[in-house]
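Quick look at start28.pdb (PDB, C-alpha atoms (C1' of nucleotides)):
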ATOM      1  CA  MET A   1     -30.089  46.136  -0.118  1.00  0.00           C
ATOM      2  CA  GLY A   2     -31.182  48.987   2.071  1.00  0.00           C
ATOM      3  CA  ARG A   3     -31.550  48.943   5.723  1.00  0.00           C
ATOM      4  CA  PRO A   4     -34.862  47.686   6.987  1.00  0.00           C
ATOM      5  CA  PRO A   5     -37.160  50.208   8.613  1.00  0.00           C
ATOM      6  CA  CYS A   6     -36.697  50.474  12.361  1.00  0.00           C
ATOM      7  CA  CYS A   7     -40.222  49.379  12.892  1.00  0.00           C
ATOM      8  CA  ASP A   8     -41.877  47.746   9.953  1.00  0.00           C
ATOM      9  CA  LYS A   9     -45.410  48.913  10.069  1.00  0.00           C
ATOM     10  CA  VAL A  10     -47.099  45.530  10.356  1.00  0.00           C
ATOM     11  CA  GLY A  11     -48.022  44.483  13.861  1.00  0.00           C
ATOM     12  CA  ILE A  12     -46.505  47.507  15.501  1.00  0.00           C
ATOM     13  CA  LYS A  13     -48.772  49.230  17.937  1.00  0.00           C
ATOM     14  CA  LYS A  14     -48.886  52.998  18.054  1.00  0.00           C
ATOM     15  CA  GLY A  15     -50.509  55.574  20.254  1.00  0.00           C
ATOM     16  CA  PRO A  16     -50.763  55.969  23.997  1.00  0.00           C
ATOM     17  CA  TRP A  17     -49.222  53.357  26.232  1.00  0.00           C
ATOM     18  CA  THR A  18     -51.424  51.287  28.477  1.00  0.00           C
ATOM     19  CA  PRO A  19     -50.595  50.660  32.153  1.00  0.00           C
ATOM     20  CA  GLU A  20     -50.018  47.011  31.299  1.00  0.00           C
ATOM     21  CA  GLU A  21     -47.431  47.902  28.699  1.00  0.00           C
ATOM     22  CA  ASP A  22     -45.761  50.243  31.153  1.00  0.00           C
ATOM     23  CA  ILE A  23     -45.507  47.485  33.713  1.00  0.00           C
ATOM     24  CA  ILE A  24     -43.992  45.090  31.217  1.00  0.00           C
ATOM     25  CA  LEU A  25     -41.446  47.645  30.092  1.00  0.00           C
ATOM     26  CA  VAL A  26     -40.514  48.751  33.589  1.00  0.00           C
ATOM     27  CA  SER A  27     -40.074  45.257  34.900  1.00  0.00           C
ATOM     28  CA  TYR A  28     -37.963  44.312  31.922  1.00  0.00           C
ATOM     29  CA  ILE A  29     -35.707  47.321  32.382  1.00  0.00           C
ATOM     30  CA  GLN A  30     -35.474  46.760  36.115  1.00  0.00           C
ATOM     31  CA  GLU A  31     -34.171  43.344  35.333  1.00  0.00           C
ATOM     32  CA  HIS A  32     -31.904  44.077  32.398  1.00  0.00           C
ATOM     33  CA  GLY A  33     -31.233  47.778  32.673  1.00  0.00           C
ATOM     34  CA  PRO A  34     -31.929  50.356  29.986  1.00  0.00           C
ATOM     35  CA  GLY A  35     -30.234  50.034  26.652  1.00  0.00           C
ATOM     36  CA  ASN A  36     -30.244  47.419  23.940  1.00  0.00           C
ATOM     37  CA  TRP A  37     -33.629  48.761  22.958  1.00  0.00           C
ATOM     38  CA  ARG A  38     -33.650  46.694  19.836  1.00  0.00           C
ATOM     39  CA  SER A  39     -34.142  43.588  21.881  1.00  0.00           C
ATOM     40  CA  VAL A  40     -36.781  44.990  24.208  1.00  0.00           C
ATOM     41  CA  PRO A  41     -39.815  44.361  21.999  1.00  0.00           C
ATOM     42  CA  THR A  42     -38.527  40.920  21.140  1.00  0.00           C
ATOM     43  CA  ASN A  43     -37.880  39.887  24.699  1.00  0.00           C
ATOM     44  CA  THR A  44     -40.932  41.429  26.265  1.00  0.00           C
ATOM     45  CA  GLY A  45     -43.449  40.659  23.579  1.00  0.00           C
ATOM     46  CA  LEU A  46     -44.460  44.290  23.472  1.00  0.00           C
ATOM     47  CA  MET A  47     -45.879  45.220  20.094  1.00  0.00           C
ATOM     48  CA  ARG A  48     -43.909  48.446  20.117  1.00  0.00           C
ATOM     49  CA  CYS A  49     -40.850  49.460  18.194  1.00  0.00           C
ATOM     50  CA  SER A  50     -37.588  49.997  20.019  1.00  0.00           C
ATOM     51  CA  LYS A  51     -37.803  53.720  19.583  1.00  0.00           C
ATOM     52  CA  SER A  52     -41.174  53.851  21.207  1.00  0.00           C
ATOM     53  CA  CYS A  53     -39.929  51.820  24.174  1.00  0.00           C
ATOM     54  CA  ARG A  54     -36.928  54.055  24.679  1.00  0.00           C
ATOM     55  CA  LEU A  55     -39.042  57.181  24.442  1.00  0.00           C
ATOM     56  CA  ARG A  56     -41.574  55.880  26.886  1.00  0.00           C
ATOM     57  CA  TRP A  57     -38.871  54.983  29.348  1.00  0.00           C
ATOM     58  CA  THR A  58     -36.872  58.196  29.118  1.00  0.00           C
ATOM     59  CA  ASN A  59     -39.817  60.543  29.075  1.00  0.00           C
ATOM     60  CA  TYR A  60     -42.167  58.914  31.483  1.00  0.00           C
ATOM     61  CA  LEU A  61     -41.160  55.752  33.275  1.00  0.00           C
ATOM     62  CA  ARG A  62     -37.584  56.491  34.225  1.00  0.00           C
ATOM     63  CA  PRO A  63     -37.278  56.825  37.991  1.00  0.00           C
ATOM     64  CA  GLY A  64     -36.472  60.223  39.416  1.00  0.00           C
ATOM     65  CA  ILE A  65     -38.020  62.346  36.734  1.00  0.00           C
ATOM     66  CA  LYS A  66     -40.160  65.284  37.666  1.00  0.00           C
ATOM     67  CA  ARG A  67     -42.979  66.332  35.377  1.00  0.00           C
ATOM     68  CA  GLY A  68     -44.815  69.605  35.193  1.00  0.00           C
ATOM     69  CA  ASN A  69     -44.579  72.382  37.795  1.00  0.00           C
ATOM     70  CA  PHE A  70     -41.405  74.006  36.598  1.00  0.00           C
ATOM     71  CA  THR A  71     -39.944  76.225  39.287  1.00  0.00           C
ATOM     72  CA  PRO A  72     -38.881  79.783  38.510  1.00  0.00           C
ATOM     73  CA  HIS A  73     -35.326  78.631  38.922  1.00  0.00           C
ATOM     74  CA  GLU A  74     -35.730  75.851  36.392  1.00  0.00           C
ATOM     75  CA  GLU A  75     -37.488  78.244  34.088  1.00  0.00           C
ATOM     76  CA  GLY A  76     -34.593  80.646  34.353  1.00  0.00           C
ATOM     77  CA  MET A  77     -32.131  77.875  33.696  1.00  0.00           C
ATOM     78  CA  ILE A  78     -33.985  76.823  30.583  1.00  0.00           C
ATOM     79  CA  ILE A  79     -34.196  80.325  29.197  1.00  0.00           C
ATOM     80  CA  HIS A  80     -30.579  80.945  29.927  1.00  0.00           C
ATOM     81  CA  LEU A  81     -29.418  77.675  28.444  1.00  0.00           C
ATOM     82  CA  GLN A  82     -31.628  78.040  25.419  1.00  0.00           C
ATOM     83  CA  ALA A  83     -30.089  81.420  24.748  1.00  0.00           C
ATOM     84  CA  LEU A  84     -26.688  79.866  25.207  1.00  0.00           C
ATOM     85  CA  LEU A  85     -27.084  76.593  23.366  1.00  0.00           C
ATOM     86  CA  GLY A  86     -30.068  77.064  21.112  1.00  0.00           C
ATOM     87  CA  ASN A  87     -32.577  74.277  20.737  1.00  0.00           C
ATOM     88  CA  LYS A  88     -30.251  71.642  22.098  1.00  0.00           C
ATOM     89  CA  TRP A  89     -32.880  70.172  24.336  1.00  0.00           C
ATOM     90  CA  ALA A  90     -30.898  67.123  25.259  1.00  0.00           C
ATOM     91  CA  SER A  91     -27.983  69.276  26.336  1.00  0.00           C
ATOM     92  CA  ILE A  92     -30.270  71.545  28.300  1.00  0.00           C
ATOM     93  CA  ALA A  93     -31.865  68.543  29.928  1.00  0.00           C
ATOM     94  CA  SER A  94     -28.470  67.345  31.068  1.00  0.00           C
ATOM     95  CA  TYR A  95     -28.308  70.398  33.325  1.00  0.00           C
ATOM     96  CA  LEU A  96     -31.698  69.562  34.762  1.00  0.00           C
ATOM     97  CA  PRO A  97     -31.340  65.869  35.528  1.00  0.00           C
ATOM     98  CA  GLN A  98     -34.881  65.511  36.769  1.00  0.00           C
ATOM     99  CA  ARG A  99     -36.323  66.840  33.542  1.00  0.00           C
ATOM    100  CA  THR A 100     -36.531  65.176  30.171  1.00  0.00           C
ATOM    101  CA  ASP A 101     -35.649  66.827  26.924  1.00  0.00           C
ATOM    102  CA  ASN A 102     -39.167  66.289  25.689  1.00  0.00           C
ATOM    103  CA  ASP A 103     -40.604  67.942  28.759  1.00  0.00           C
ATOM    104  CA  ILE A 104     -38.289  70.903  28.433  1.00  0.00           C
ATOM    105  CA  LYS A 105     -38.989  71.193  24.747  1.00  0.00           C
ATOM    106  CA  ASN A 106     -42.710  71.149  25.370  1.00  0.00           C
ATOM    107  CA  TYR A 107     -42.428  73.674  28.155  1.00  0.00           C
ATOM    108  CA  TRP A 108     -40.366  75.925  25.966  1.00  0.00           C
ATOM    109  CA  ASN A 109     -42.744  75.709  23.044  1.00  0.00           C
ATOM    110  CA  THR A 110     -45.893  76.174  25.064  1.00  0.00           C
ATOM    111  CA  HIS A 111     -44.881  78.534  27.839  1.00  0.00           C
ATOM    112  CA  LEU A 112     -41.512  80.148  27.561  1.00  0.00           C
ATOM    113  CA  LYS A 113     -41.545  81.030  23.889  1.00  0.00           C
ATOM    114  CA  LYS A 114     -44.781  82.830  24.446  1.00  0.00           C
ATOM    115  CA  LYS A 115     -43.543  84.500  27.568  1.00  0.00           C
ATOM    116  CA  LEU A 116     -40.410  85.713  25.884  1.00  0.00           C
ATOM    117  CA  LYS A 117     -42.334  86.958  22.907  1.00  0.00           C
ATOM    118  CA  LYS A 118     -44.554  88.958  25.184  1.00  0.00           C
ATOM    119  CA  PHE A 119     -41.554  90.323  26.945  1.00  0.00           C
ATOM    120  CA  HIS A 120     -39.858  91.268  23.714  1.00  0.00           C
ATOM    121  CA  SER A 121     -42.839  93.046  22.282  1.00  0.00           C
ATOM    122  CA  ALA A 122     -43.236  94.940  25.515  1.00  0.00           C
ATOM    123  CA  LEU A 123     -39.604  95.845  25.407  1.00  0.00           C
ATOM    124  CA  GLU A 124     -39.308  96.699  21.741  1.00  0.00           C
ATOM    125  CA  PRO A 125     -42.750  97.357  20.312  1.00  0.00           C
ATOM    126  CA  ASN A 126     -41.283  98.340  16.962  1.00  0.00           C
ATOM    127  CA  ASN A 127     -39.205  95.272  16.494  1.00  0.00           C
ATOM    128  CA  ASP A 128     -41.594  92.486  17.190  1.00  0.00           C
ATOM    129  CA  ILE A 129     -41.287  91.401  13.584  1.00  0.00           C
ATOM    130  CA  ASN A 130     -37.862  90.109  14.421  1.00  0.00           C
ATOM    131  CA  MET A 131     -39.352  87.600  16.758  1.00  0.00           C
ATOM    132  CA  SER A 132     -39.726  85.183  13.927  1.00  0.00           C
ATOM    133  CA  HIS A 133     -36.016  84.568  14.294  1.00  0.00           C
ATOM    134  CA  ASP A 134     -36.451  82.689  17.432  1.00  0.00           C
ATOM    135  CA  HIS A 135     -33.021  81.959  18.629  1.00  0.00           C
ATOM    136  CA  SER A 136     -31.077  84.921  17.367  1.00  0.00           C
ATOM    137  CA  THR A 137     -33.242  87.372  19.192  1.00  0.00           C
ATOM    138  CA  THR A 138     -33.639  85.472  22.371  1.00  0.00           C
ATOM    139  CA  THR A 139     -29.942  85.321  22.837  1.00  0.00           C
ATOM    140  CA  SER A 140     -29.260  88.820  23.998  1.00  0.00           C
ATOM    141  CA  SER A 141     -32.495  90.046  25.382  1.00  0.00           C
ATOM    142  CA  SER A 142     -33.514  86.873  27.119  1.00  0.00           C
ATOM    143  CA  HIS A 143     -30.822  87.767  29.563  1.00  0.00           C
ATOM    144  CA  ARG A 144     -32.519  91.031  30.176  1.00  0.00           C
ATOM    145  CA  PHE A 145     -35.749  89.153  30.520  1.00  0.00           C
ATOM    146  CA  LEU A 146     -34.171  86.975  33.096  1.00  0.00           C
ATOM    147  CA  SER A 147     -32.722  89.789  35.064  1.00  0.00           C
ATOM    148  CA  ASN A 148     -36.188  91.215  35.325  1.00  0.00           C
ATOM    149  CA  LYS A 149     -38.024  88.065  36.160  1.00  0.00           C
ATOM    150  CA  THR A 150     -35.820  85.734  38.067  1.00  0.00           C
ATOM    151  CA  PRO A 151     -32.460  85.668  39.677  1.00  0.00           C
ATOM    152  CA  PRO A 152     -29.787  84.769  37.153  1.00  0.00           C
ATOM    153  CA  PRO A 153     -29.207  81.071  37.024  1.00  0.00           C
ATOM    154  CA  PRO A 154     -25.847  79.758  38.006  1.00  0.00           C
ATOM    155  CA  PRO A 155     -23.291  79.219  35.285  1.00  0.00           C
ATOM    156  CA  PRO A 156     -23.898  75.921  33.609  1.00  0.00           C
ATOM    157  CA  PRO A 157     -22.200  73.131  35.491  1.00  0.00           C
ATOM    158  CA  PRO A 158     -20.246  70.557  33.575  1.00  0.00           C
ATOM    159  CA  PRO A 159     -22.656  68.174  31.936  1.00  0.00           C
ATOM    160  CA  PRO A 160     -23.186  65.109  34.079  1.00  0.00           C
ATOM    161  CA  THR A 161     -22.794  62.565  31.232  1.00  0.00           C
ATOM    162  CA  THR A 162     -22.861  59.514  33.401  1.00  0.00           C
ATOM    163  CA  SER A 163     -21.542  57.063  30.879  1.00  0.00           C
ATOM    164  CA  THR A 164     -24.054  57.595  28.164  1.00  0.00           C
ATOM    165  CA  SER A 165     -22.565  54.841  26.121  1.00  0.00           C
ATOM    166  CA  HIS A 166     -25.295  52.396  25.420  1.00  0.00           C
ATOM    167  CA  GLY A 167     -25.030  48.787  26.264  1.00  0.00           C
ATOM    168  CA  GLY A 168     -22.035  49.206  28.502  1.00  0.00           C
ATOM    169  CA  GLY A 169     -23.400  51.436  31.216  1.00  0.00           C
ATOM    170  CA  SER A 170     -26.433  49.700  32.459  1.00  0.00           C
ATOM    171  CA  SER A 171     -27.412  51.410  35.667  1.00  0.00           C
TER
ATOM    172  C1'  DA B   1     -75.835  74.579  28.854  1.00  0.00           C
ATOM    173  C1'  DA B   2     -73.590  74.002  24.554  1.00  0.00           C
ATOM    174  C1'  DA B   3     -70.179  75.088  21.149  1.00  0.00           C
ATOM    175  C1'  DA B   4     -65.847  76.887  19.635  1.00  0.00           C
ATOM    176  C1'  DG B   5     -61.207  78.023  20.257  1.00  0.00           C
ATOM    177  C1'  DG B   6     -56.901  77.665  22.486  1.00  0.00           C
ATOM    178  C1'  DA B   7     -53.447  75.460  25.269  1.00  0.00           C
ATOM    179  C1'  DC B   8     -51.000  71.542  26.829  1.00  0.00           C
ATOM    180  C1'  DC B   9     -48.984  67.009  26.751  1.00  0.00           C
ATOM    181  C1'  DA B  10     -47.648  62.563  24.926  1.00  0.00           C
ATOM    182  C1'  DA B  11     -46.099  60.251  21.148  1.00  0.00           C
ATOM    183  C1'  DC B  12     -44.376  59.651  16.286  1.00  0.00           C
ATOM    184  C1'  DC B  13     -41.373  60.578  12.282  1.00  0.00           C
ATOM    185  C1'  DG B  14     -37.256  61.348   9.932  1.00  0.00           C
ATOM    186  C1'  DC B  15     -32.383  62.450  10.178  1.00  0.00           C
ATOM    187  C1'  DA B  16     -27.666  62.311  11.831  1.00  0.00           C
ATOM    188  C1'  DG B  17     -23.879  60.427  14.341  1.00  0.00           C
ATOM    189  C1'  DG B  18     -21.400  56.729  16.384  1.00  0.00           C
ATOM    190  C1'  DA B  19     -20.336  51.911  16.873  1.00  0.00           C
ATOM    191  C1'  DT B  20     -19.757  47.463  15.085  1.00  0.00           C
ATOM    192  C1'  DT B  21     -18.874  43.941  11.685  1.00  0.00           C
TER
ATOM    193  C1'  DA C   1     -12.197  51.124   4.369  1.00  0.00           C
ATOM    194  C1'  DA C   2     -16.918  50.489   3.530  1.00  0.00           C
ATOM    195  C1'  DA C   3     -21.417  49.136   4.698  1.00  0.00           C
ATOM    196  C1'  DT C   4     -24.871  48.302   8.010  1.00  0.00           C
ATOM    197  C1'  DC C   5     -27.185  48.775  12.316  1.00  0.00           C
ATOM    198  C1'  DC C   6     -28.622  51.050  16.580  1.00  0.00           C
ATOM    199  C1'  DT C   7     -29.356  54.855  19.388  1.00  0.00           C
ATOM    200  C1'  DG C   8     -30.324  59.551  20.297  1.00  0.00           C
ATOM    201  C1'  DC C   9     -32.092  64.116  18.970  1.00  0.00           C
ATOM    202  C1'  DG C  10     -35.085  67.722  17.305  1.00  0.00           C
ATOM    203  C1'  DG C  11     -39.235  68.967  14.994  1.00  0.00           C
ATOM    204  C1'  DT C  12     -43.940  68.148  14.319  1.00  0.00           C
ATOM    205  C1'  DT C  13     -48.534  66.200  14.875  1.00  0.00           C
ATOM    206  C1'  DG C  14     -52.762  64.385  17.136  1.00  0.00           C
ATOM    207  C1'  DG C  15     -55.690  63.958  20.997  1.00  0.00           C
ATOM    208  C1'  DT C  16     -57.573  65.669  25.234  1.00  0.00           C
ATOM    209  C1'  DC C  17     -58.768  69.080  28.574  1.00  0.00           C
ATOM    210  C1'  DC C  18     -59.859  73.755  29.969  1.00  0.00           C
ATOM    211  C1'  DT C  19     -61.545  78.379  29.235  1.00  0.00           C
ATOM    212  C1'  DT C  20     -64.249  81.699  27.026  1.00  0.00           C
ATOM    213  C1'  DT C  21     -68.212  83.233  24.355  1.00  0.00           C
TER
END

Go ahead and express the file in the form of structure tokens.
Amino acid sequence: MGRPPCCDKVGIKKGPWTPEEDIILVSYIQEHGPGNWRSVPTNTGLMRCSKSCRLRWTNYLRPGIKRGNFTPHEEGMIIHLQALLGNKWASIASYLPQRTDNDIKNYWNTHLKKKLKKFHSALEPNNDINMSHDHSTTTSSSHRFLSNKTPPPPPPPPPPTTSTSHGGGSS
DNA sequence: AAAAGGACCAACCGCAGGATT
DNA sequence: AAATCCTGCGGTTGGTCCTTT
């Protein structure tokens, strides 16, 4: 007997969240704290799967998150950390507590990747073929990019990791 | 003024790891 | 010790808005 799908397709709503759904989710989490996502749809009556609830909360509804308008400093941090860690968006996000991994990932894919590519081809017009290897090439020269564009970001602080264990650490 | 193309953002899907029974 | 379940992560897709022709 295999494991049942996380959200069996029947009756599960997909697509953009409505303000009403947001309110239900937020008030439930305010009362019970985040975590135990499995029980959220059951207890709230939301026709969403647990994954969708968690995603909505972490990427949009969670208090204290900042969206859009990345500062040059944040941008520098992201480029630096991406060169350091690769596409570990969750790890990168842990250095920018106000940002979500999804937001950072989107920003990287839409803005920074392009910016870096431009920079690289300006720097090494003959080698722009190498740009297909995203990470390997960004590693060394993104630092040069940084030193041109923005002040070098501070060395990565120890990851916050405020009791990420689910269930136990309800904030 | 309308149409086409490109860019951006929010959300979904599948996979992997960790925890629990 | 093995099997199952839940959560989290990264990649990808779809829809909408903005800009250019």

Extract, using all atoms listed in the file, all DNA, RNA and protein residues at most 12 Å from DA11 of chain B, discarding same-chain residues fewer than 5 positions from it, and format them as a PDB file with C-alpha atoms (C1' of nucleotides), keeping the file's coordinate frame.
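Output (out-v8.pdb):
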ATOM      1  CA  LYS A  13     -48.772  49.230  17.937  1.00  0.00           C
ATOM      2  CA  LYS A  14     -48.886  52.998  18.054  1.00  0.00           C
ATOM      3  CA  GLY A  15     -50.509  55.574  20.254  1.00  0.00           C
ATOM      4  CA  PRO A  16     -50.763  55.969  23.997  1.00  0.00           C
ATOM      5  CA  TRP A  17     -49.222  53.357  26.232  1.00  0.00           C
ATOM      6  CA  LYS A  51     -37.803  53.720  19.583  1.00  0.00           C
ATOM      7  CA  SER A  52     -41.174  53.851  21.207  1.00  0.00           C
ATOM      8  CA  CYS A  53     -39.929  51.820  24.174  1.00  0.00           C
ATOM      9  CA  ARG A  54     -36.928  54.055  24.679  1.00  0.00           C
ATOM     10  CA  LEU A  55     -39.042  57.181  24.442  1.00  0.00           C
ATOM     11  CA  ARG A  56     -41.574  55.880  26.886  1.00  0.00           C
ATOM     12  CA  ASN A  59     -39.817  60.543  29.075  1.00  0.00           C
ATOM     13  CA  TYR A  60     -42.167  58.914  31.483  1.00  0.00           C
ATOM     14  CA  ASN A 102     -39.167  66.289  25.689  1.00  0.00           C
TER      15      ASN A 102
ATOM     16  C1'  DT C  12     -43.940  68.148  14.319  1.00  0.00           C
ATOM     17  C1'  DT C  13     -48.534  66.200  14.875  1.00  0.00           C
ATOM     18  C1'  DG C  14     -52.762  64.385  17.136  1.00  0.00           C
ATOM     19  C1'  DG C  15     -55.690  63.958  20.997  1.00  0.00           C
TER      20       DG C  15
END

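Between atom C1' of DA4 of chain B and atom C1' of DT19 of chain C lies a distance of 10.6 Å.
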
Starting from the displayed file, determine the output of the PyMOL selection byres ((chain C and resi 18) around 12) and express the residue list as a compact mmCIF listing (two decimals) with C-alpha atoms (C1' of nucleotides), in the frame of the given file.
# COMPACT_ATOMS: atom_id res chain seq x y z
C1' DG B 5 -61.21 78.02 20.26
C1' DG B 6 -56.90 77.67 22.49
C1' DA B 7 -53.45 75.46 25.27
C1' DC B 8 -51.00 71.54 26.83
C1' DT C 16 -57.57 65.67 25.23
C1' DC C 17 -58.77 69.08 28.57
C1' DT C 19 -61.54 78.38 29.24
C1' DT C 20 -64.25 81.70 27.03

Practice problem: Can you check which residues of chain C have any atom within 9 Å of chain A? Use only C-alpha atoms (C1' of nucleotides) and format it as a ChimeraX atom specification. | Solution: /C:4-7,9-10

Edge lengths and centre in Å to one decimal, as AutoDock Vina command-line options, of the axis-aligned box that encloses all listed atoms of segment 58-61 of chain A with 5 Å added on every side?
--center_x -39.5 --center_y 58.1 --center_z 31.2 --size_x 15.3 --size_y 14.8 --size_z 14.2

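We find atom CA of Asp103 of chain A and atom CA of Pro41 of chain A to be spaced 24.5 Å apart.
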
Quiz item: What does the distance between atom C1' of DA1 of chain C and atom C1' of DT20 of chain B come to in Å, to one decimal place?
Solution: 13.6 Å

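Among A:Thr110, A:Thr100, A:Asn69, A:Gln30, the residue with the shortest atom-to-atom distance to chain B, counting only C-alpha atoms (C1' of nucleotides), is A:Thr110.
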
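Evaluated against this file, the PyMOL selection byres ((chain B and resi 17) around 9) yields DA16 and DG18 of chain B; DG8 of chain C.
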
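Using all atoms listed in the file, the nearest neighbour of Tyr95 of chain A within the list A:Lys114, A:Glu74, A:Asn109, A:Ala83 is A:Glu74.
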
Exercise. Let me know the residues the PyMOL selection byres ((chain A and resi 24) around 12) catches in the file above, as an NGL selection string.
Key: :A and (17-23 or 25-31 or 40-41 or 43-48 or 53 or 56-57 or 61)

Can segment 66-73 of chain A be brought up to all heavy atoms and written out as a PDB file, in the coordinates of the input?
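Output contents, as saved in out-v5.pdb:
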ATOM      1  N   LYS A  66     -39.136  64.398  37.149  1.00  0.00           N
ATOM      2  CA  LYS A  66     -40.160  65.284  37.666  1.00  0.00           C
ATOM      3  C   LYS A  66     -40.918  65.802  36.462  1.00  0.00           C
ATOM      4  O   LYS A  66     -40.314  66.144  35.456  1.00  0.00           O
ATOM      5  CB  LYS A  66     -39.481  66.442  38.381  1.00  0.00           C
ATOM      6  CG  LYS A  66     -40.208  67.004  39.543  1.00  0.00           C
ATOM      7  CD  LYS A  66     -39.279  67.857  40.394  1.00  0.00           C
ATOM      8  CE  LYS A  66     -38.898  69.154  39.752  1.00  0.00           C
ATOM      9  NZ  LYS A  66     -38.091  70.039  40.612  1.00  0.00           N
ATOM     10  N   ARG A  67     -42.233  65.857  36.538  1.00  0.00           N
ATOM     11  CA  ARG A  67     -42.979  66.332  35.377  1.00  0.00           C
ATOM     12  C   ARG A  67     -43.896  67.466  35.782  1.00  0.00           C
ATOM     13  O   ARG A  67     -44.526  67.428  36.832  1.00  0.00           O
ATOM     14  CB  ARG A  67     -43.739  65.176  34.734  1.00  0.00           C
ATOM     15  CG  ARG A  67     -42.777  64.130  34.187  1.00  0.00           C
ATOM     16  CD  ARG A  67     -43.447  62.867  33.712  1.00  0.00           C
ATOM     17  NE  ARG A  67     -44.493  63.113  32.731  1.00  0.00           N
ATOM     18  CZ  ARG A  67     -45.768  62.896  32.975  1.00  0.00           C
ATOM     19  NH1 ARG A  67     -46.148  62.435  34.141  1.00  0.00           N
ATOM     20  NH2 ARG A  67     -46.640  63.144  32.061  1.00  0.00           N
ATOM     21  N   GLY A  68     -43.964  68.463  34.926  1.00  0.00           N
ATOM     22  CA  GLY A  68     -44.815  69.605  35.193  1.00  0.00           C
ATOM     23  C   GLY A  68     -44.247  70.463  36.316  1.00  0.00           C
ATOM     24  O   GLY A  68     -43.166  70.191  36.847  1.00  0.00           O
ATOM     25  N   ASN A  69     -44.963  71.519  36.682  1.00  0.00           N
ATOM     26  CA  ASN A  69     -44.579  72.382  37.795  1.00  0.00           C
ATOM     27  C   ASN A  69     -43.119  72.830  37.745  1.00  0.00           C
ATOM     28  O   ASN A  69     -42.344  72.574  38.660  1.00  0.00           O
ATOM     29  CB  ASN A  69     -44.845  71.685  39.128  1.00  0.00           C
ATOM     30  CG  ASN A  69     -46.314  71.455  39.347  1.00  0.00           C
ATOM     31  OD1 ASN A  69     -47.143  72.292  38.997  1.00  0.00           O
ATOM     32  ND2 ASN A  69     -46.654  70.310  39.908  1.00  0.00           N
ATOM     33  N   PHE A  70     -42.761  73.477  36.690  1.00  0.00           N
ATOM     34  CA  PHE A  70     -41.405  74.006  36.598  1.00  0.00           C
ATOM     35  C   PHE A  70     -41.255  75.156  37.590  1.00  0.00           C
ATOM     36  O   PHE A  70     -42.120  76.035  37.679  1.00  0.00           O
ATOM     37  CB  PHE A  70     -41.137  74.515  35.178  1.00  0.00           C
ATOM     38  CG  PHE A  70     -40.787  73.423  34.212  1.00  0.00           C
ATOM     39  CD1 PHE A  70     -41.777  72.614  33.671  1.00  0.00           C
ATOM     40  CD2 PHE A  70     -39.466  73.187  33.861  1.00  0.00           C
ATOM     41  CE1 PHE A  70     -41.460  71.601  32.773  1.00  0.00           C
ATOM     42  CE2 PHE A  70     -39.137  72.177  32.965  1.00  0.00           C
ATOM     43  CZ  PHE A  70     -40.139  71.381  32.424  1.00  0.00           C
ATOM     44  N   THR A  71     -40.192  75.140  38.340  1.00  0.00           N
ATOM     45  CA  THR A  71     -39.944  76.225  39.287  1.00  0.00           C
ATOM     46  C   THR A  71     -39.370  77.413  38.546  1.00  0.00           C
ATOM     47  O   THR A  71     -38.829  77.264  37.440  1.00  0.00           O
ATOM     48  CB  THR A  71     -38.930  75.780  40.349  1.00  0.00           C
ATOM     49  OG1 THR A  71     -37.668  75.546  39.688  1.00  0.00           O
ATOM     50  CG2 THR A  71     -39.373  74.505  41.030  1.00  0.00           C
ATOM     51  N   PRO A  72     -39.474  78.603  39.147  1.00  0.00           N
ATOM     52  CA  PRO A  72     -38.881  79.783  38.510  1.00  0.00           C
ATOM     53  C   PRO A  72     -37.391  79.595  38.243  1.00  0.00           C
ATOM     54  O   PRO A  72     -36.859  80.092  37.252  1.00  0.00           O
ATOM     55  CB  PRO A  72     -39.116  80.891  39.543  1.00  0.00           C
ATOM     56  CG  PRO A  72     -40.284  80.431  40.332  1.00  0.00           C
ATOM     57  CD  PRO A  72     -40.222  78.931  40.347  1.00  0.00           C
ATOM     58  N   HIS A  73     -36.754  78.880  39.116  1.00  0.00           N
ATOM     59  CA  HIS A  73     -35.326  78.631  38.922  1.00  0.00           C
ATOM     60  C   HIS A  73     -35.091  77.772  37.683  1.00  0.00           C
ATOM     61  O   HIS A  73     -34.224  78.077  36.848  1.00  0.00           O
ATOM     62  CB  HIS A  73     -34.757  77.948  40.154  1.00  0.00           C
ATOM     63  CG  HIS A  73     -33.313  77.557  39.997  1.00  0.00           C
ATOM     64  ND1 HIS A  73     -32.297  78.485  40.010  1.00  0.00           N
ATOM     65  CD2 HIS A  73     -32.727  76.342  39.804  1.00  0.00           C
ATOM     66  CE1 HIS A  73     -31.136  77.861  39.841  1.00  0.00           C
ATOM     67  NE2 HIS A  73     -31.367  76.565  39.711  1.00  0.00           N
TER      68      HIS A  73
END
